[in-house]
$ cat query04.pdb   # PDB, C-alpha atoms and all ligand atoms
ATOM      1  CA  MET A   1      50.838  -6.842  28.252  1.00  0.00           C
ATOM      2  CA  GLU A   2      51.070  -7.900  24.634  1.00  0.00           C
ATOM      3  CA  LYS A   3      48.960 -10.958  25.356  1.00  0.00           C
ATOM      4  CA  VAL A   4      46.175  -8.738  26.739  1.00  0.00           C
ATOM      5  CA  GLY A   5      46.216  -6.509  23.612  1.00  0.00           C
ATOM      6  CA  ARG A   6      46.067  -9.548  21.328  1.00  0.00           C
ATOM      7  CA  SER A   7      43.159 -11.138  23.181  1.00  0.00           C
ATOM      8  CA  ARG A   8      41.314  -7.787  23.181  1.00  0.00           C
ATOM      9  CA  ARG A   9      41.726  -7.558  19.403  1.00  0.00           C
ATOM     10  CA  ARG A  10      40.538 -11.132  19.037  1.00  0.00           C
ATOM     11  CA  PHE A  11      37.493 -10.350  21.214  1.00  0.00           C
ATOM     12  CA  ILE A  12      36.631  -7.237  19.179  1.00  0.00           C
ATOM     13  CA  LYS A  13      36.942  -9.209  15.927  1.00  0.00           C
ATOM     14  CA  ALA A  14      34.701 -11.936  17.330  1.00  0.00           C
ATOM     15  CA  VAL A  15      32.064  -9.381  18.397  1.00  0.00           C
ATOM     16  CA  ALA A  16      32.187  -7.701  14.971  1.00  0.00           C
ATOM     17  CA  PHE A  17      31.819 -11.092  13.275  1.00  0.00           C
ATOM     18  CA  VAL A  18      28.816 -12.007  15.431  1.00  0.00           C
ATOM     19  CA  ILE A  19      27.126  -8.635  14.783  1.00  0.00           C
ATOM     20  CA  ALA A  20      27.689  -8.945  11.019  1.00  0.00           C
ATOM     21  CA  SER A  21      26.407 -12.542  11.004  1.00  0.00           C
ATOM     22  CA  VAL A  22      23.282 -11.735  13.001  1.00  0.00           C
ATOM     23  CA  SER A  23      22.425  -8.745  10.809  1.00  0.00           C
ATOM     24  CA  LEU A  24      22.871 -10.868   7.670  1.00  0.00           C
ATOM     25  CA  VAL A  25      20.672 -13.660   9.011  1.00  0.00           C
ATOM     26  CA  TRP A  26      18.111 -11.090  10.205  1.00  0.00           C
ATOM     27  CA  LYS A  27      17.948  -9.466   6.788  1.00  0.00           C
ATOM     28  CA  PHE A  28      17.256 -12.702   4.912  1.00  0.00           C
ATOM     29  CA  LEU A  29      15.219 -14.733   7.370  1.00  0.00           C
ATOM     30  CA  ILE A  30      12.956 -12.182   8.996  1.00  0.00           C
ATOM     31  CA  PRO A  31      10.204 -11.069   6.597  1.00  0.00           C
ATOM     32  CA  ARG A  32       9.761  -7.387   6.041  1.00  0.00           C
ATOM     33  CA  VAL A  33       6.613  -6.031   7.522  1.00  0.00           C
ATOM     34  CA  SER A  34       4.730  -3.750   5.178  1.00  0.00           C
ATOM     35  CA  ARG A  35       4.492  -0.325   6.717  1.00  0.00           C
ATOM     36  CA  LYS A  36       2.270   1.047   4.020  1.00  0.00           C
ATOM     37  CA  LYS A  37      -0.821   2.752   5.312  1.00  0.00           C
ATOM     38  CA  PRO A  38      -4.229   2.584   3.660  1.00  0.00           C
ATOM     39  CA  LEU A  39      -4.821   5.763   1.649  1.00  0.00           C
ATOM     40  CA  LEU A  40      -8.211   4.993   0.186  1.00  0.00           C
ATOM     41  CA  ARG A  41     -10.909   2.346   0.430  1.00  0.00           C
ATOM     42  CA  VAL A  42     -13.318   2.125  -2.466  1.00  0.00           C
ATOM     43  CA  ALA A  43     -16.059  -0.330  -3.378  1.00  0.00           C
ATOM     44  CA  LYS A  44     -15.055  -2.235  -6.517  1.00  0.00           C
ATOM     45  CA  ALA A  45     -18.514  -1.635  -7.978  1.00  0.00           C
ATOM     46  CA  GLU A  46     -17.857   2.122  -8.010  1.00  0.00           C
ATOM     47  CA  ILE A  47     -14.915   1.815 -10.414  1.00  0.00           C
ATOM     48  CA  PRO A  48     -16.319   1.985 -13.949  1.00  0.00           C
ATOM     49  CA  PRO A  49     -15.164  -0.707 -16.401  1.00  0.00           C
ATOM     50  CA  GLY A  50     -12.527   0.837 -18.681  1.00  0.00           C
ATOM     51  CA  GLY A  51     -12.637   3.971 -16.569  1.00  0.00           C
ATOM     52  CA  ALA A  52     -11.093   5.514 -13.514  1.00  0.00           C
ATOM     53  CA  LEU A  53     -11.917   7.137 -10.227  1.00  0.00           C
ATOM     54  CA  VAL A  54      -9.799  10.168  -9.428  1.00  0.00           C
ATOM     55  CA  PHE A  55      -9.198  11.390  -5.904  1.00  0.00           C
ATOM     56  CA  ARG A  56      -7.713  14.858  -6.285  1.00  0.00           C
ATOM     57  CA  LYS A  57      -7.119  15.399  -2.576  1.00  0.00           C
ATOM     58  CA  SER A  58      -5.197  12.126  -2.220  1.00  0.00           C
ATOM     59  CA  ARG A  59      -3.711  12.591  -5.712  1.00  0.00           C
ATOM     60  CA  VAL A  60      -4.567   9.032  -6.699  1.00  0.00           C
ATOM     61  CA  ALA A  61      -6.351   7.500  -9.680  1.00  0.00           C
ATOM     62  CA  ILE A  62      -7.846   4.021  -9.413  1.00  0.00           C
ATOM     63  CA  ILE A  63      -8.099   2.547 -12.884  1.00  0.00           C
ATOM     64  CA  ARG A  64      -9.967  -0.504 -14.136  1.00  0.00           C
ATOM     65  CA  GLU A  65      -8.801  -2.223 -17.316  1.00  0.00           C
ATOM     66  CA  GLY A  66     -10.768  -5.400 -17.924  1.00  0.00           C
ATOM     67  CA  ASP A  67     -10.449  -7.424 -14.737  1.00  0.00           C
ATOM     68  CA  ASP A  68      -7.376  -5.494 -13.565  1.00  0.00           C
ATOM     69  CA  ILE A  69      -7.704  -2.736 -11.011  1.00  0.00           C
ATOM     70  CA  TYR A  70      -4.649  -0.681 -10.197  1.00  0.00           C
ATOM     71  CA  ALA A  71      -3.783   2.685  -8.722  1.00  0.00           C
ATOM     72  CA  LEU A  72      -1.477   5.411  -9.948  1.00  0.00           C
ATOM     73  CA  SER A  73      -0.218   8.506  -8.255  1.00  0.00           C
ATOM     74  CA  ILE A  74      -1.382  11.452 -10.320  1.00  0.00           C
ATOM     75  CA  VAL A  75       1.647  13.471  -9.258  1.00  0.00           C
ATOM     76  CA  CYS A  76       3.549  14.323 -12.430  1.00  0.00           C
ATOM     77  CA  THR A  77       7.118  13.056 -12.273  1.00  0.00           C
ATOM     78  CA  HIS A  78       8.393  16.227 -13.933  1.00  0.00           C
ATOM     79  CA  LEU A  79       7.695  18.912 -11.343  1.00  0.00           C
ATOM     80  CA  GLY A  80       4.790  17.557  -9.325  1.00  0.00           C
ATOM     81  CA  CYS A  81       1.611  18.991 -10.839  1.00  0.00           C
ATOM     82  CA  SER A  82      -1.510  16.836 -10.687  1.00  0.00           C
ATOM     83  CA  VAL A  83      -2.198  15.186 -14.026  1.00  0.00           C
ATOM     84  CA  ASN A  84      -5.649  15.017 -15.568  1.00  0.00           C
ATOM     85  CA  VAL A  85      -7.071  11.578 -16.263  1.00  0.00           C
ATOM     86  CA  THR A  86      -8.789  11.171 -19.618  1.00  0.00           C
ATOM     87  CA  PRO A  87     -10.273   7.983 -21.080  1.00  0.00           C
ATOM     88  CA  ARG A  88      -7.087   7.307 -23.075  1.00  0.00           C
ATOM     89  CA  GLU A  89      -4.209   8.952 -21.216  1.00  0.00           C
ATOM     90  CA  LEU A  90      -3.100  11.129 -18.323  1.00  0.00           C
ATOM     91  CA  ILE A  91      -2.092  14.652 -19.278  1.00  0.00           C
ATOM     92  CA  CYS A  92      -0.166  17.129 -17.200  1.00  0.00           C
ATOM     93  CA  PRO A  93      -1.592  20.634 -17.527  1.00  0.00           C
ATOM     94  CA  CYS A  94       1.643  22.324 -16.450  1.00  0.00           C
ATOM     95  CA  HIS A  95       4.155  21.427 -19.178  1.00  0.00           C
ATOM     96  CA  GLY A  96       2.264  18.951 -21.328  1.00  0.00           C
ATOM     97  CA  SER A  97       3.675  15.575 -20.351  1.00  0.00           C
ATOM     98  CA  ILE A  98       1.462  12.708 -21.448  1.00  0.00           C
ATOM     99  CA  PHE A  99       1.321   9.325 -19.730  1.00  0.00           C
ATOM    100  CA  GLY A 100      -0.379   6.106 -20.753  1.00  0.00           C
ATOM    101  CA  ARG A 101      -3.077   4.601 -18.559  1.00  0.00           C
ATOM    102  CA  ASP A 102      -0.389   2.346 -17.111  1.00  0.00           C
ATOM    103  CA  GLY A 103       1.666   5.409 -16.150  1.00  0.00           C
ATOM    104  CA  GLU A 104       4.353   5.067 -18.833  1.00  0.00           C
ATOM    105  CA  VAL A 105       5.641   8.299 -20.355  1.00  0.00           C
ATOM    106  CA  PHE A 106       4.301   8.953 -23.863  1.00  0.00           C
ATOM    107  CA  LYS A 107       5.604  12.499 -24.116  1.00  0.00           C
ATOM    108  CA  GLY A 108       7.972  14.574 -21.954  1.00  0.00           C
ATOM    109  CA  PRO A 109       9.340  16.639 -20.395  1.00  0.00           C
ATOM    110  CA  ALA A 110       8.651  14.032 -17.686  1.00  0.00           C
ATOM    111  CA  ASN A 111      11.047  11.152 -18.128  1.00  0.00           C
ATOM    112  CA  ARG A 112       9.843   8.775 -15.415  1.00  0.00           C
ATOM    113  CA  PRO A 113       6.544   6.898 -15.272  1.00  0.00           C
ATOM    114  CA  LEU A 114       3.829   7.756 -12.787  1.00  0.00           C
ATOM    115  CA  LYS A 115       4.210   5.891  -9.529  1.00  0.00           C
ATOM    116  CA  GLN A 116       2.188   2.690  -9.218  1.00  0.00           C
ATOM    117  CA  LEU A 117       0.613   2.323  -5.799  1.00  0.00           C
ATOM    118  CA  ALA A 118       0.007  -0.964  -4.058  1.00  0.00           C
ATOM    119  CA  VAL A 119      -3.586  -2.156  -4.122  1.00  0.00           C
ATOM    120  CA  GLU A 120      -5.210  -4.848  -2.004  1.00  0.00           C
ATOM    121  CA  GLU A 121      -8.572  -6.473  -2.629  1.00  0.00           C
ATOM    122  CA  ARG A 122     -10.507  -6.859   0.588  1.00  0.00           C
ATOM    123  CA  GLY A 123     -13.821  -8.474  -0.174  1.00  0.00           C
ATOM    124  CA  GLU A 124     -15.888  -6.034  -2.194  1.00  0.00           C
ATOM    125  CA  PHE A 125     -13.433  -3.210  -1.592  1.00  0.00           C
ATOM    126  CA  ILE A 126     -10.143  -2.022  -3.023  1.00  0.00           C
ATOM    127  CA  VAL A 127      -7.676  -0.530  -0.604  1.00  0.00           C
ATOM    128  CA  VAL A 128      -4.902   1.669  -1.968  1.00  0.00           C
ATOM    129  CA  LEU A 129      -1.766   1.645   0.129  1.00  0.00           C
ATOM    130  CA  GLY A 130       0.686   4.473   0.214  1.00  0.00           C
TER
HETATM  131  S1  LIG A 201       4.932  19.244 -13.988  1.00  0.00           S
HETATM  132 FE1  LIG A 201       4.038  17.875 -15.377  1.00  0.00          FE
HETATM  133  S2  LIG A 201       5.050  18.245 -17.215  1.00  0.00           S
HETATM  134 FE2  LIG A 201       5.954  19.590 -15.831  1.00  0.00          FE
END
$ encode --input "query04.pdb" --output "C-alpha cells"
Amino acid sequence: MEKVGRSRRRFIKAVAFVIASVSLVWKFLIPRVSRKKPLLRVAKAEIPPGGALVFRKSRVAIIREGDDIYALSIVCTHLGCSVNVTPRELICPCHGSIFGRDGEVFKGPANRPLKQLAVEERGEFIVVLG
C-alpha cells in the first residue's frame, strides 16, 4: 500500500514538473501575437507637419514632429476627460492638467503621462492600434 502512495506522489510530481516546464518553454519560445485592433487609418499626407489630427470620437491624437508620427490617447490620466490639443501642449479642460506633445505631464493634478498608442506605417497610411 505504501509503495502505491509513493509512486502516486512521484507521478503527480512528474506531471507538475512537465506542466511547469512546458509553460516556461511556451512563454519564452512562442512569440506573442499582437491582439491590438486597428482604431484609425489615416493618410500620412493628411497629418500636418508640426501639427496634429484629433479624432474626438476615438479619443486619439495623431501627431507629427519632424519625420516622427505618433499617436496619443487624449483621455486625461487624472479623471478621464478629453484633453484639447494645441500647437504646443495638450490641456485638460476639467481640472487644468497640461501635457507636453509627447504626453508627459507638465502640470497636474494628473500624475501619469498620456497613453502612447502603437502606430504602424502601411504604405501611404498610418494605422493606429488600440
Ligand atoms: S480630468 Fe483632466 S485634470 Fe482632471
$ closest_residue --input "query04.pdb" --among "A:Pro113, A:Gly130, A:Gly100, A:Gly80" --to "ligand LIG 201 (chain A)" --atoms "all atoms listed in the file"
A:Gly80
$ atom_distance --input "query04.pdb" --atom1 "CA of Thr77 in chain A" --atom2 "CA of Phe106 in chain A"
12.6 Å
$ residues_around --input "query04.pdb" --residues "Asn111 in chain A" --least-positions-apart "3" --cutoff "10 Å" --atoms "only C-alpha atoms" --output "PyMOL selection string"
chain A and resi 76-78+97+104-108+114
$ residues_near_ligand --input "query04.pdb" --ligand "ligand LIG 201 (chain A)" --cutoff "8 Å" --atoms "only C-alpha atoms and all ligand atoms" --output "PDB file with C-alpha atoms, keeping the file's coordinate frame"
ATOM      1  CA  VAL A  75       1.647  13.471  -9.258  1.00  0.00           C
ATOM      2  CA  CYS A  76       3.549  14.323 -12.430  1.00  0.00           C
ATOM      3  CA  THR A  77       7.118  13.056 -12.273  1.00  0.00           C
ATOM      4  CA  HIS A  78       8.393  16.227 -13.933  1.00  0.00           C
ATOM      5  CA  LEU A  79       7.695  18.912 -11.343  1.00  0.00           C
ATOM      6  CA  GLY A  80       4.790  17.557  -9.325  1.00  0.00           C
ATOM      7  CA  CYS A  81       1.611  18.991 -10.839  1.00  0.00           C
ATOM      8  CA  SER A  82      -1.510  16.836 -10.687  1.00  0.00           C
ATOM      9  CA  VAL A  83      -2.198  15.186 -14.026  1.00  0.00           C
ATOM     10  CA  ILE A  91      -2.092  14.652 -19.278  1.00  0.00           C
ATOM     11  CA  CYS A  92      -0.166  17.129 -17.200  1.00  0.00           C
ATOM     12  CA  PRO A  93      -1.592  20.634 -17.527  1.00  0.00           C
ATOM     13  CA  CYS A  94       1.643  22.324 -16.450  1.00  0.00           C
ATOM     14  CA  HIS A  95       4.155  21.427 -19.178  1.00  0.00           C
ATOM     15  CA  GLY A  96       2.264  18.951 -21.328  1.00  0.00           C
ATOM     16  CA  SER A  97       3.675  15.575 -20.351  1.00  0.00           C
ATOM     17  CA  ILE A  98       1.462  12.708 -21.448  1.00  0.00           C
ATOM     18  CA  GLY A 108       7.972  14.574 -21.954  1.00  0.00           C
ATOM     19  CA  PRO A 109       9.340  16.639 -20.395  1.00  0.00           C
ATOM     20  CA  ALA A 110       8.651  14.032 -17.686  1.00  0.00           C
TER      21      ALA A 110
END
$ atom_distance --input "query04.pdb" --atom1 "CA of Thr86 in chain A" --atom2 "CA of Arg41 in chain A"
22.0 Å
$ residues_near_point --input "query04.pdb" --point "(-10.5, 0.0, -16.5)" --cutoff "8 Å" --atoms "all atoms listed in the file" --output "number ranges by chain"
A: 47-52, 63-69
$ write_last_selection --input "query04.pdb" --atoms "C-alpha atoms" --output "compact mmCIF listing (two decimals), in the coordinates of the input"
# COMPACT_ATOMS: atom_id res chain seq x y z
CA ILE A 47 -14.92 1.82 -10.41
CA PRO A 48 -16.32 1.98 -13.95
CA PRO A 49 -15.16 -0.71 -16.40
CA GLY A 50 -12.53 0.84 -18.68
CA GLY A 51 -12.64 3.97 -16.57
CA ALA A 52 -11.09 5.51 -13.51
CA ILE A 63 -8.10 2.55 -12.88
CA ARG A 64 -9.97 -0.50 -14.14
CA GLU A 65 -8.80 -2.22 -17.32
CA GLY A 66 -10.77 -5.40 -17.92
CA ASP A 67 -10.45 -7.42 -14.74
CA ASP A 68 -7.38 -5.49 -13.56
CA ILE A 69 -7.70 -2.74 -11.01
$ resolve_selection --input "query04.pdb" --expression "the PyMOL selection byres (((chain A and resi 128) around 10) and not hetatm)" --output "NGL selection string"
:A and (36-42 or 60-62 or 70-72 or 117-121 or 125-127 or 129-130)
$ axis_aligned_box --input "query04.pdb" --around "range 8-16 of chain A" --padding-each-side "3 Å" --output "AutoDock Vina command-line options"
--center_x 36.9 --center_y -9.6 --center_z 19.1 --size_x 15.7 --size_y 10.7 --size_z 14.2
$ atom_distance --input "query04.pdb" --atom1 "CA of Gly103 in chain A" --atom2 "CA of Leu90 in chain A"
7.8 Å
$ closest_residue --input "query04.pdb" --among "A:Val85, A:Leu53, A:Val25, A:Val15" --to "Arg101 in chain A" --atoms "all atoms listed in the file"
A:Val85
$ closest_residue --input "query04.pdb" --among "A:Ala20, A:Asn84, A:Arg56, A:Glu89" --to "Asp102 in chain A" --atoms "only C-alpha atoms"
A:Glu89
